[in-house]
$ cat protein09.cif   # mmCIF, C-alpha atoms
data_model
#
loop_
_atom_site.label_atom_id
_atom_site.label_comp_id
_atom_site.auth_asym_id
_atom_site.auth_seq_id
_atom_site.Cartn_x
_atom_site.Cartn_y
_atom_site.Cartn_z
CA MET A 80 6.97 17.45 16.17
CA THR A 81 4.69 18.04 13.17
CA ASP A 82 3.45 21.36 14.61
CA GLY A 83 7.03 22.55 15.13
CA PHE A 84 7.92 21.65 11.55
CA ASN A 85 4.83 23.49 10.24
CA ASN A 86 5.73 26.59 12.26
CA MET A 87 9.26 26.49 10.90
CA ILE A 88 7.94 26.27 7.32
CA LYS A 89 5.59 29.21 7.95
CA ARG A 90 8.43 31.36 9.31
CA LEU A 91 10.63 30.43 6.36
CA CYS A 92 7.86 31.32 3.91
CA ARG A 93 7.35 34.68 5.62
CA MET A 94 11.05 35.46 5.40
CA LEU A 95 11.13 34.54 1.72
CA MET A 96 8.04 36.63 1.00
CA MET A 97 9.53 39.62 2.84
CA VAL A 98 12.74 39.31 0.81
CA PHE A 99 10.81 38.91 -2.45
CA PHE A 100 8.51 41.88 -1.78
CA GLY A 101 11.44 43.94 -0.47
CA ILE A 102 13.29 43.40 -3.74
CA ALA A 103 10.13 44.33 -5.63
CA GLY A 104 9.86 47.50 -3.49
CA TYR A 105 13.46 48.43 -4.30
CA GLN A 106 12.89 48.06 -8.03
CA ILE A 107 9.67 50.07 -7.87
CA ALA A 108 11.44 52.82 -5.88
CA MET A 109 14.22 53.01 -8.44
CA LEU A 110 11.69 53.24 -11.27
CA ALA A 111 9.60 55.88 -9.49
CA MET A 112 12.53 58.04 -8.33
CA PRO A 113 12.68 60.32 -11.39
CA PHE A 114 8.92 60.96 -11.19
CA ILE A 115 8.77 62.23 -7.55
CA PRO A 116 7.12 65.71 -7.60
CA ALA A 117 9.07 68.70 -6.22
CA PRO A 118 6.65 69.33 -3.31
CA VAL A 119 7.15 65.81 -2.06
CA SER A 120 10.92 66.27 -2.27
CA GLU A 121 10.62 69.43 -0.11
CA VAL A 122 8.61 67.48 2.48
CA PHE A 123 11.35 64.81 2.56
CA ARG A 124 13.95 67.55 3.08
CA LEU A 125 12.06 69.05 6.07
CA TRP A 126 11.54 65.71 7.88
CA MET A 127 14.87 64.06 7.13
CA PRO A 128 18.23 64.77 8.76
CA GLY A 129 20.64 66.77 6.64
CA TRP A 130 23.07 63.91 6.30
CA LEU A 131 20.41 61.50 4.88
CA ALA A 132 19.73 61.85 1.18
CA LYS A 133 16.10 61.85 0.08
CA GLU A 134 16.74 59.09 -2.46
CA ILE A 135 18.04 56.74 0.20
CA PHE A 136 15.09 57.48 2.46
CA PHE A 137 12.59 56.87 -0.33
CA VAL A 138 14.20 53.55 -1.29
CA VAL A 139 14.38 52.34 2.31
CA ALA A 140 10.76 53.32 2.89
CA CYS A 141 9.58 51.44 -0.20
CA VAL A 142 11.56 48.34 0.73
CA ALA A 143 10.18 48.40 4.28
CA ILE A 144 6.57 48.95 3.16
CA PHE A 145 6.65 46.17 0.59
CA ALA A 146 8.41 43.80 3.01
CA LEU A 147 5.61 44.40 5.54
CA ILE A 148 3.05 43.71 2.82
CA GLY A 149 4.79 40.41 2.06
CA TRP A 150 4.83 39.51 5.76
CA ALA A 151 1.10 40.31 6.10
CA ILE A 152 -0.16 38.37 3.07
CA THR A 153 1.93 35.21 3.69
CA PRO A 154 -0.81 33.40 5.76
CA LEU A 155 -3.37 34.09 3.02
CA LEU A 156 -0.94 32.86 0.40
CA LEU A 157 -0.27 29.64 2.33
CA LYS A 158 -4.00 28.98 2.72
CA GLY A 159 -4.49 29.54 -0.97
CA LEU A 160 -1.65 27.19 -1.87
CA GLY A 161 -3.06 24.55 0.50
CA PHE A 162 -6.47 24.80 -1.13
CA ILE A 163 -4.97 24.60 -4.60
CA GLY A 164 -2.86 21.58 -3.57
CA ALA A 165 -5.89 19.74 -2.13
CA LEU A 166 -7.92 20.52 -5.25
CA PHE A 167 -5.04 19.37 -7.47
CA GLU A 168 -4.68 16.11 -5.53
CA PHE A 169 -8.44 15.46 -5.73
CA HIS A 170 -8.49 15.84 -9.52
CA LEU A 171 -5.21 13.94 -9.91
CA LYS A 172 -6.80 10.78 -8.47
CA ARG A 173 -9.36 10.82 -11.28
CA LEU A 174 -6.77 11.07 -14.05
CA SER A 175 -5.11 8.14 -15.79
CA TRP A 176 -1.38 7.82 -16.30
CA GLN A 177 -1.80 8.72 -19.98
CA ASP A 178 -3.52 12.00 -19.04
CA ILE A 179 -0.82 12.89 -16.51
CA SER A 180 2.06 12.11 -18.89
CA SER A 181 0.42 14.16 -21.68
CA ALA A 182 -0.09 17.14 -19.35
CA ILE A 183 3.52 16.97 -18.11
CA LEU A 184 4.80 16.87 -21.69
CA GLY A 185 2.64 19.89 -22.57
CA LEU A 186 3.90 21.74 -19.49
CA ILE A 187 7.52 21.17 -20.52
CA VAL A 188 6.84 22.38 -24.07
CA GLY A 189 5.00 25.45 -22.75
CA LEU A 190 7.85 26.35 -20.38
CA LEU A 191 10.43 26.02 -23.16
CA ILE A 192 8.44 28.33 -25.45
CA ALA A 193 7.88 30.82 -22.60
CA ASN A 194 11.59 31.07 -21.82
CA LEU A 195 12.46 31.51 -25.49
CA ILE A 196 9.95 34.36 -25.80
CA ALA A 197 11.19 35.96 -22.55
CA VAL A 198 14.83 36.19 -23.71
CA PRO A 199 14.46 39.63 -25.43
CA PHE A 200 12.90 41.09 -22.25
CA PHE A 201 15.71 40.11 -19.84
CA ASP A 202 17.46 43.51 -20.21
CA LEU A 203 14.34 45.44 -19.23
CA PRO A 204 13.75 46.39 -15.56
CA VAL A 205 10.51 44.36 -15.54
CA GLY A 206 11.98 41.50 -17.59
CA SER A 207 11.91 39.01 -14.72
CA TYR A 208 8.22 39.68 -14.08
CA ILE A 209 7.40 39.24 -17.76
CA ALA A 210 9.27 35.91 -17.72
CA VAL A 211 7.28 34.71 -14.69
CA VAL A 212 3.95 35.65 -16.30
CA LEU A 213 4.92 33.97 -19.58
CA ASN A 214 5.98 30.77 -17.78
CA ILE A 215 2.70 30.58 -15.87
CA VAL A 216 0.46 31.33 -18.85
CA LEU A 217 2.23 29.26 -21.50
CA GLY A 218 2.95 26.40 -19.10
CA TYR A 219 -0.77 26.16 -18.25
CA LEU A 220 -1.82 26.43 -21.89
CA GLY A 221 0.69 23.77 -22.97
CA ALA A 222 -0.45 21.31 -20.28
CA ARG A 223 -4.13 21.87 -21.08
CA ILE A 224 -3.75 21.64 -24.86
CA PHE A 225 -1.67 18.44 -24.69
CA TRP A 226 -4.15 16.91 -22.21
CA LYS A 227 -7.21 17.77 -24.33
CA ARG A 228 -5.66 16.75 -27.66
CA GLN A 229 -3.48 13.84 -26.53
CA GLU A 230 -4.91 11.45 -29.14
CA ASP A 231 -4.08 13.85 -31.98
CA ILE A 232 -0.59 14.44 -30.57
CA ARG A 233 0.06 10.70 -30.33
CA GLY A 234 -0.95 10.40 -33.97
CA VAL A 235 1.40 13.23 -35.01
CA PHE A 236 4.42 11.75 -33.21
CA ASN A 237 3.33 8.14 -33.98
CA LEU A 238 3.79 7.10 -30.35
CA GLY A 239 1.87 3.87 -30.92
CA ALA A 240 4.43 2.62 -33.43
CA LEU A 241 7.25 3.66 -31.10
CA LYS A 242 5.69 1.69 -28.25
CA GLU A 243 5.28 -1.31 -30.51
CA ARG A 244 8.95 -1.14 -31.51
CA LEU A 245 10.00 -0.97 -27.88
CA THR A 246 7.85 -3.92 -26.76
CA THR A 247 8.69 -6.23 -29.66
CA ARG A 248 12.10 -7.24 -30.90
CA LYS A 249 12.88 -8.11 -34.51
CA ILE A 250 15.26 -10.98 -35.18
CA ARG A 251 16.94 -11.70 -38.50
CA GLY A 252 18.05 -15.11 -39.62
CA LYS A 253 15.41 -17.13 -41.48
CA LYS A 254 15.17 -17.35 -45.24
CA GLY A 255 11.94 -17.49 -47.16
CA VAL A 256 11.09 -19.78 -50.06
CA ALA A 257 12.67 -17.42 -52.57
CA GLY A 258 15.70 -16.86 -50.39
CA GLU A 259 14.61 -13.46 -49.09
CA GLU A 260 15.30 -12.61 -45.48
CA ILE A 261 12.30 -12.73 -43.16
CA LEU A 262 11.87 -10.57 -40.09
CA GLU A 263 10.48 -12.39 -37.08
CA GLU A 264 8.97 -10.53 -34.15
CA GLU A 265 9.52 -11.94 -30.69
CA TRP A 266 6.36 -11.30 -28.69
CA CYS A 267 6.77 -10.63 -24.96
CA PRO A 268 3.78 -11.94 -22.98
CA PRO A 269 2.42 -9.66 -20.24
CA ARG A 270 3.64 -10.32 -16.72
CA LYS A 271 1.30 -12.33 -14.52
CA ILE A 272 0.83 -11.27 -10.89
CA LEU A 273 0.26 -14.08 -8.40
CA ASP A 274 -2.49 -13.83 -5.80
CA THR A 275 -2.30 -15.59 -2.43
CA SER A 276 -5.31 -17.76 -3.26
CA VAL A 277 -3.80 -19.17 -6.46
CA ILE A 278 -0.51 -19.95 -4.70
CA ILE A 279 -2.21 -21.82 -1.85
CA ASP A 280 -4.50 -23.60 -4.33
CA GLY A 281 -1.42 -25.23 -5.89
CA ARG A 282 -2.86 -26.06 -9.30
CA ILE A 283 -0.83 -23.26 -10.84
CA LEU A 284 2.28 -25.40 -10.32
CA ASP A 285 0.76 -28.30 -12.29
CA ILE A 286 -0.23 -25.91 -15.09
CA ALA A 287 3.28 -24.45 -15.20
CA ARG A 288 4.88 -27.89 -15.33
CA THR A 289 2.88 -28.80 -18.43
CA GLY A 290 4.44 -25.88 -20.31
CA PHE A 291 1.17 -24.06 -21.02
CA MET A 292 2.37 -21.00 -19.07
CA GLU A 293 5.19 -18.73 -20.17
CA GLY A 294 6.70 -15.37 -19.38
CA VAL A 295 7.34 -13.75 -16.00
CA LEU A 296 5.39 -14.49 -12.83
CA VAL A 297 5.38 -11.48 -10.50
CA LEU A 298 5.19 -12.10 -6.76
CA PRO A 299 4.68 -8.77 -4.93
CA ARG A 300 6.30 -8.37 -1.55
CA PHE A 301 2.94 -7.78 0.18
CA ILE A 302 1.62 -11.10 -1.19
CA LEU A 303 4.71 -12.90 0.10
CA LEU A 304 4.23 -11.29 3.52
CA GLU A 305 0.56 -12.35 3.57
CA LEU A 306 1.57 -15.89 2.63
CA GLN A 307 4.15 -15.92 5.41
CA ALA A 308 1.51 -14.70 7.89
CA VAL A 309 -0.76 -17.58 6.89
CA ALA A 310 2.13 -20.03 7.33
CA ASP A 311 2.80 -18.65 10.84
CA SER A 312 -0.86 -18.81 11.87
CA THR A 313 -1.86 -20.53 15.11
CA ASP A 314 -4.65 -22.35 13.27
CA PRO A 315 -3.25 -25.73 12.11
CA ALA A 316 -5.32 -25.75 8.91
CA ARG A 317 -4.24 -22.24 7.90
CA ARG A 318 -0.63 -23.00 8.83
CA THR A 319 -0.66 -26.09 6.61
CA ARG A 320 -2.12 -24.14 3.68
CA GLY A 321 0.45 -21.36 4.12
CA ARG A 322 3.39 -23.77 4.16
CA ARG A 323 2.00 -25.49 1.11
CA GLY A 324 1.90 -22.10 -0.64
CA LEU A 325 5.55 -21.44 0.24
CA ASP A 326 6.45 -24.85 -1.19
CA VAL A 327 4.58 -23.96 -4.40
CA VAL A 328 6.61 -20.73 -4.72
CA ASN A 329 9.86 -22.67 -4.27
CA GLU A 330 8.86 -25.19 -6.94
CA LEU A 331 7.87 -22.44 -9.36
CA GLN A 332 11.30 -20.80 -8.93
CA LYS A 333 12.95 -24.08 -9.92
CA LEU A 334 11.14 -24.33 -13.25
CA SER A 335 13.39 -23.42 -16.16
CA THR A 336 10.49 -22.38 -18.41
CA LEU A 337 9.33 -19.63 -16.05
CA GLU A 338 10.87 -16.63 -14.31
CA VAL A 339 9.54 -15.72 -10.87
CA GLU A 340 10.18 -12.05 -10.04
CA ILE A 341 9.73 -10.90 -6.44
CA MET A 342 8.73 -7.24 -6.78
CA GLU A 343 9.71 -5.03 -3.84
CA VAL A 344 6.50 -3.03 -3.59
CA THR A 345 4.27 -2.34 -0.59
CA LEU A 346 0.64 -1.34 -0.21
CA LYS A 347 1.78 2.05 1.09
CA GLN A 348 3.75 2.70 -2.09
CA LEU A 349 0.70 1.80 -4.17
CA LYS A 350 -1.45 4.10 -1.95
CA VAL A 351 -4.02 1.40 -1.18
CA GLU A 352 -5.12 -0.32 2.01
CA THR A 353 -6.17 -3.84 0.98
CA VAL A 354 -4.29 -6.63 -0.78
CA ASP A 355 -6.91 -6.94 -3.55
CA SER A 356 -6.70 -3.21 -4.29
CA GLY A 357 -2.90 -3.48 -4.31
CA LEU A 358 -3.01 -6.27 -6.91
CA VAL A 359 -5.31 -4.23 -9.16
CA ALA A 360 -3.19 -1.08 -8.76
CA LEU A 361 0.03 -2.99 -9.50
CA ALA A 362 -1.50 -4.63 -12.58
CA GLN A 363 -2.56 -1.22 -13.89
CA GLN A 364 0.89 0.20 -13.18
CA ILE A 365 2.93 -2.48 -14.97
CA GLY A 366 0.31 -3.53 -17.52
CA GLY A 367 0.15 -7.08 -16.12
CA GLU A 368 -2.49 -9.74 -15.56
CA ILE A 369 -3.70 -11.19 -12.25
CA LEU A 370 -3.61 -14.94 -11.57
CA THR A 371 -6.19 -15.86 -8.93
CA THR A 372 -8.95 -18.20 -7.81
CA ASP A 373 -10.78 -15.47 -5.87
CA TYR A 374 -14.20 -14.81 -7.39
CA ASN A 375 -14.59 -11.34 -5.82
CA LEU A 376 -11.12 -10.21 -6.93
CA ASN A 377 -11.97 -11.45 -10.40
CA LYS A 378 -15.03 -9.19 -10.60
CA ILE A 379 -13.35 -6.14 -9.04
CA ALA A 380 -10.40 -6.36 -11.43
CA GLN A 381 -12.63 -6.76 -14.48
CA ILE A 382 -14.64 -3.67 -13.48
CA GLN A 383 -11.39 -1.65 -13.44
CA GLY A 384 -10.26 -3.00 -16.80
CA VAL A 385 -7.58 -5.42 -15.55
CA THR A 386 -7.21 -8.82 -17.22
CA VAL A 387 -7.73 -11.73 -14.81
CA LEU A 388 -6.70 -15.35 -15.34
CA ASN A 389 -8.89 -17.46 -13.06
CA VAL A 390 -7.68 -21.02 -12.53
CA ASN A 391 -11.23 -22.12 -11.69
CA ASP A 392 -12.44 -20.89 -15.09
CA LEU A 393 -9.58 -22.78 -16.72
CA ALA A 394 -10.50 -25.97 -14.84
CA ASN A 395 -14.14 -25.64 -15.88
CA ALA A 396 -13.14 -25.06 -19.49
CA LEU A 397 -10.99 -28.21 -19.52
CA LYS A 398 -13.77 -30.48 -18.29
CA PRO A 399 -14.99 -32.85 -21.03
CA MET A 400 -18.09 -31.67 -22.86
CA LEU A 401 -21.01 -34.07 -22.67
CA LEU A 402 -23.66 -33.82 -25.37
CA PRO A 403 -27.33 -34.70 -24.92
CA GLY A 404 -27.90 -38.33 -25.80
CA GLU A 405 -24.49 -39.59 -24.58
CA SER A 406 -24.42 -42.36 -22.02
CA ILE A 407 -22.24 -42.40 -18.93
CA ILE A 408 -21.90 -44.74 -15.97
CA VAL A 409 -22.03 -43.14 -12.52
CA ASP A 410 -22.59 -44.08 -8.88
CA VAL A 411 -25.63 -42.43 -7.31
CA ILE A 412 -24.40 -41.46 -3.85
CA ARG A 413 -27.19 -39.33 -2.38
CA GLU A 414 -30.62 -37.83 -2.88
CA GLY A 415 -31.10 -34.58 -4.76
CA LYS A 416 -32.79 -31.36 -3.66
CA GLU A 417 -35.90 -32.02 -5.76
CA PRO A 418 -38.19 -35.02 -5.17
CA HIS A 419 -37.13 -38.33 -6.74
CA GLN A 420 -33.73 -36.95 -7.79
CA GLY A 421 -30.39 -38.65 -7.22
CA VAL A 422 -26.92 -37.12 -7.35
CA GLY A 423 -23.66 -38.58 -8.58
CA TYR A 424 -20.25 -37.18 -9.51
CA LEU A 425 -18.09 -37.70 -12.58
CA ASP A 426 -14.35 -38.38 -12.36
CA ASP A 427 -13.53 -34.67 -12.78
CA GLY A 428 -15.88 -33.65 -9.95
CA THR A 429 -18.80 -32.53 -12.14
CA MET A 430 -22.15 -33.06 -10.41
CA LEU A 431 -24.64 -35.25 -12.25
CA VAL A 432 -28.30 -34.88 -11.31
CA VAL A 433 -30.22 -38.07 -12.12
CA GLU A 434 -33.97 -37.94 -12.69
CA ASP A 435 -35.89 -40.60 -10.75
CA GLY A 436 -32.57 -41.64 -9.21
CA GLU A 437 -33.66 -41.54 -5.57
CA GLU A 438 -34.36 -45.29 -5.44
CA TYR A 439 -30.92 -46.02 -6.93
CA VAL A 440 -28.89 -44.34 -4.16
CA GLY A 441 -25.83 -46.50 -3.46
CA LYS A 442 -26.04 -48.22 -6.85
CA ARG A 443 -24.21 -47.86 -10.16
CA VAL A 444 -26.35 -46.90 -13.13
CA GLU A 445 -26.03 -45.98 -16.78
CA VAL A 446 -27.37 -42.47 -17.35
CA VAL A 447 -28.35 -40.75 -20.62
CA VAL A 448 -27.39 -37.06 -20.62
CA THR A 449 -30.37 -34.75 -21.25
CA SER A 450 -28.92 -31.26 -20.64
CA MET A 451 -26.07 -29.29 -19.10
CA LEU A 452 -25.99 -26.10 -17.00
CA GLN A 453 -22.94 -23.83 -16.62
CA THR A 454 -22.92 -21.79 -13.38
CA SER A 455 -20.33 -19.64 -11.61
CA ALA A 456 -19.73 -22.54 -9.22
CA GLY A 457 -19.05 -25.00 -12.02
CA ARG A 458 -20.88 -27.25 -14.47
CA MET A 459 -23.94 -29.38 -13.74
CA VAL A 460 -25.14 -32.31 -15.88
CA PHE A 461 -28.71 -33.61 -15.94
CA GLY A 462 -29.69 -37.08 -17.11
CA ARG A 463 -32.17 -39.94 -16.80
CA ILE A 464 -31.55 -43.58 -15.96
CA ARG A 465 -31.25 -46.06 -18.78
CA ARG A 466 -30.47 -49.17 -16.74
CA GLU A 467 -28.82 -50.37 -13.57
CA VAL A 468 -25.26 -51.68 -13.94
CA ARG A 469 -24.48 -54.82 -12.02
CA VAL A 470 -21.05 -54.75 -10.39
#

$ encode --input "protein09.cif" --output "structure tokens"
Amino acid sequence: MTDGFNNMIKRLCRMLMMVFFGIAGYQIAMLAMPFIPAPVSEVFRLWMPGWLAKEIFFVVACVAIFALIGWAITPLLLKGLGFIGALFEFHLKRLSWQDISSAILGLIVGLLIANLIAVPFFDLPVGSYIAVVLNIVLGYLGARIFWKRQEDIRGVFNLGALKERLTTRKIRGKKGVAGEEILEEEWCPPRKILDTSVIIDGRILDIARTGFMEGVLVLPRFILLELQAVADSTDPARRTRGRRGLDVVNELQKLSTLEVEIMEVTLKQLKVETVDSGLVALAQQIGGEILTTDYNLNKIAQIQGVTVLNVNDLANALKPMLLPGESIIVDVIREGKEPHQGVGYLDDGTMLVVEDGEEYVGKRVEVVVTSMLQTSAGRMVFGRIRREVRV
């Protein structure tokens, strides 16, 4: 079916090129008619029937010759357009949205100027060709100039202030100390895009209930479909986690302090293949932030300049800070990796490595904190035994 469609497009292009070149041949014949030498006119008279005028024959011949030229060069033209399109698409992937919007604005300005300049030439026989050349040249120059000097153009039109006025809303109503009216700006927090991992984790619901989270939570359609696939899994553990995630989404929708927006967007529309790439692309498109517990997604998003809110980082930041010299009571539950070490855990799950604690495994001891170590997996506390605590 695709081959048939391509053949139909090629035939259509050939017909259009024949018509275009035929019209060009007609105009050239009409321009060249007064300049035909007398010997050539005598040759036309000898070879043509008496009832056929030489002017008609010359015009028909020019139209036919130029139409054949158009028919012959159409395949080369299509190959050239295909190459230009592939090259354009390759470079377009490397451009940001700001670059594309600046180039489009420059193209529009260039086309407007070109058409204004071409107005005096419309009455000339070659006026249409002059207009085409002006549109191509000035359109290209406008797009290139606006793309190269986009920062200067933004400064001239003060686009930054315009964006700020559109994203913030001023509200009147309060009076200052001297009675003057004060303008308050209502700040709109960026939208936060939910990842599957943070939904299944469930702690995001507890954070939202405390009121520390505000704004709009975005749930893309492809994340909801992935969550549904996990809930329908044949593995009992995965099925339980998926259903728990769906329950978390339902509870988030019931909170009055938050707005959960289900965005109808697919990976195909974002032109990506993986869910992580889709989250990053969507965040770049809407200027949002990603909520996740996935360490790899966190790093990938940060490399591409996307803000990531990692619940694990928040949990580690909220753990109480222990200073060297403080005492804490802990149960030593197992041996450590190094000789003579014991390991216990604080109430928040922080691991406490106890020096010379191997002989106290299964006992409760008072430990003096000596140092702390922050790793990507969490926080570790090191200490030495002060005394054994009798239960």

$ residues_around --input "protein09.cif" --residues "Ala193 (chain A)" --least-positions-apart "6" --cutoff "7 Å" --atoms "only C-alpha atoms" --output "ChimeraX atom specification"
/A:213-214,217

$ closest_residue --input "protein09.cif" --among "A:Ile224, A:Ile412, A:Leu306, A:Val440" --to "Val277 (chain A)" --atoms "only C-alpha atoms"
A:Leu306

$ residues_around --input "protein09.cif" --residues "Tyr374 (chain A)" --least-positions-apart "5" --cutoff "12 Å" --atoms "all atoms listed in the file" --output "ChimeraX atom specification"
/A:274,276-277,355,379-381,387-392,455-456

$ atom_distance --input "protein09.cif" --atom1 "CA of Asp373 (chain A)" --atom2 "CA of Leu361 (chain A)"
16.9 Å

$ resolve_selection --input "protein09.cif" --expression "the PyMOL selection byres ((chain A and resi 149-151) around 12)" --output "PyMOL selection string"
chain A and resi 89-104+142-148+152-157

$ atom_distance --input "protein09.cif" --atom1 "CA of Ser450 (chain A)" --atom2 "CA of Met400 (chain A)"
11.1 Å

$ residues_near_point --input "protein09.cif" --point "(-2.9, -5.0, -16.1)" --cutoff "12 Å" --atoms "all atoms listed in the file" --output "PDB file with C-alpha atoms, in the frame of the given file"
ATOM      1  CA  PRO A 268       3.780 -11.940 -22.980  1.00  0.00           C
ATOM      2  CA  PRO A 269       2.420  -9.660 -20.240  1.00  0.00           C
ATOM      3  CA  ARG A 270       3.640 -10.320 -16.720  1.00  0.00           C
ATOM      4  CA  LYS A 271       1.300 -12.330 -14.520  1.00  0.00           C
ATOM      5  CA  ILE A 272       0.830 -11.270 -10.890  1.00  0.00           C
ATOM      6  CA  VAL A 297       5.380 -11.480 -10.500  1.00  0.00           C
ATOM      7  CA  GLY A 357      -2.900  -3.480  -4.310  1.00  0.00           C
ATOM      8  CA  LEU A 358      -3.010  -6.270  -6.910  1.00  0.00           C
ATOM      9  CA  VAL A 359      -5.310  -4.230  -9.160  1.00  0.00           C
ATOM     10  CA  ALA A 360      -3.190  -1.080  -8.760  1.00  0.00           C
ATOM     11  CA  LEU A 361       0.030  -2.990  -9.500  1.00  0.00           C
ATOM     12  CA  ALA A 362      -1.500  -4.630 -12.580  1.00  0.00           C
ATOM     13  CA  GLN A 363      -2.560  -1.220 -13.890  1.00  0.00           C
ATOM     14  CA  GLN A 364       0.890   0.200 -13.180  1.00  0.00           C
ATOM     15  CA  ILE A 365       2.930  -2.480 -14.970  1.00  0.00           C
ATOM     16  CA  GLY A 366       0.310  -3.530 -17.520  1.00  0.00           C
ATOM     17  CA  GLY A 367       0.150  -7.080 -16.120  1.00  0.00           C
ATOM     18  CA  GLU A 368      -2.490  -9.740 -15.560  1.00  0.00           C
ATOM     19  CA  ILE A 369      -3.700 -11.190 -12.250  1.00  0.00           C
ATOM     20  CA  LEU A 370      -3.610 -14.940 -11.570  1.00  0.00           C
ATOM     21  CA  ALA A 380     -10.400  -6.360 -11.430  1.00  0.00           C
ATOM     22  CA  GLN A 381     -12.630  -6.760 -14.480  1.00  0.00           C
ATOM     23  CA  GLN A 383     -11.390  -1.650 -13.440  1.00  0.00           C
ATOM     24  CA  GLY A 384     -10.260  -3.000 -16.800  1.00  0.00           C
ATOM     25  CA  VAL A 385      -7.580  -5.420 -15.550  1.00  0.00           C
ATOM     26  CA  THR A 386      -7.210  -8.820 -17.220  1.00  0.00           C
ATOM     27  CA  VAL A 387      -7.730 -11.730 -14.810  1.00  0.00           C
ATOM     28  CA  LEU A 388      -6.700 -15.350 -15.340  1.00  0.00           C
TER      29      LEU A 388
END

$ atom_distance --input "protein09.cif" --atom1 "CA of Leu346 (chain A)" --atom2 "CA of Ala310 (chain A)"
20.2 Å

$ closest_residue --input "protein09.cif" --among "A:Arg413, A:Arg223, A:Lys398, A:Arg465" --to "Ile187 (chain A)" --atoms "all atoms listed in the file"
A:Arg223

$ residues_around --input "protein09.cif" --residues "Thr336 (chain A)" --least-positions-apart "4" --cutoff "9 Å" --atoms "all atoms listed in the file" --output "PyMOL selection string"
chain A and resi 287-288+290+292-294

$ resolve_selection --input "protein09.cif" --expression "the PyMOL selection byres ((chain A and resi 332) around 12)" --output "ChimeraX atom specification"
/A:284,287-288,295-298,325-331,333-341

$ closest_residue --input "protein09.cif" --among "A:Gly281, A:Thr345, A:His419, A:Met430" --to "Gln453 (chain A)" --atoms "all atoms listed in the file"
A:Met430

$ resolve_selection --input "protein09.cif" --expression "the PyMOL selection byres ((chain A and resi 180-185) around 9)" --output "list in words"
Ser175, Trp176, Gln177, Asp178, Ile179, Leu186, Ile187, Val188, Gly189, Leu190, Gly218, Tyr219, Leu220, Gly221, Ala222, Arg223, Ile224, Phe225, Trp226, Lys227, Arg228, Gln229 and Ile232 of chain A

$ closest_residue --input "protein09.cif" --among "A:Glu434, A:Glu405, A:Glu352, A:Asp410" --to "Glu467 (chain A)" --atoms "only C-alpha atoms"
A:Asp410
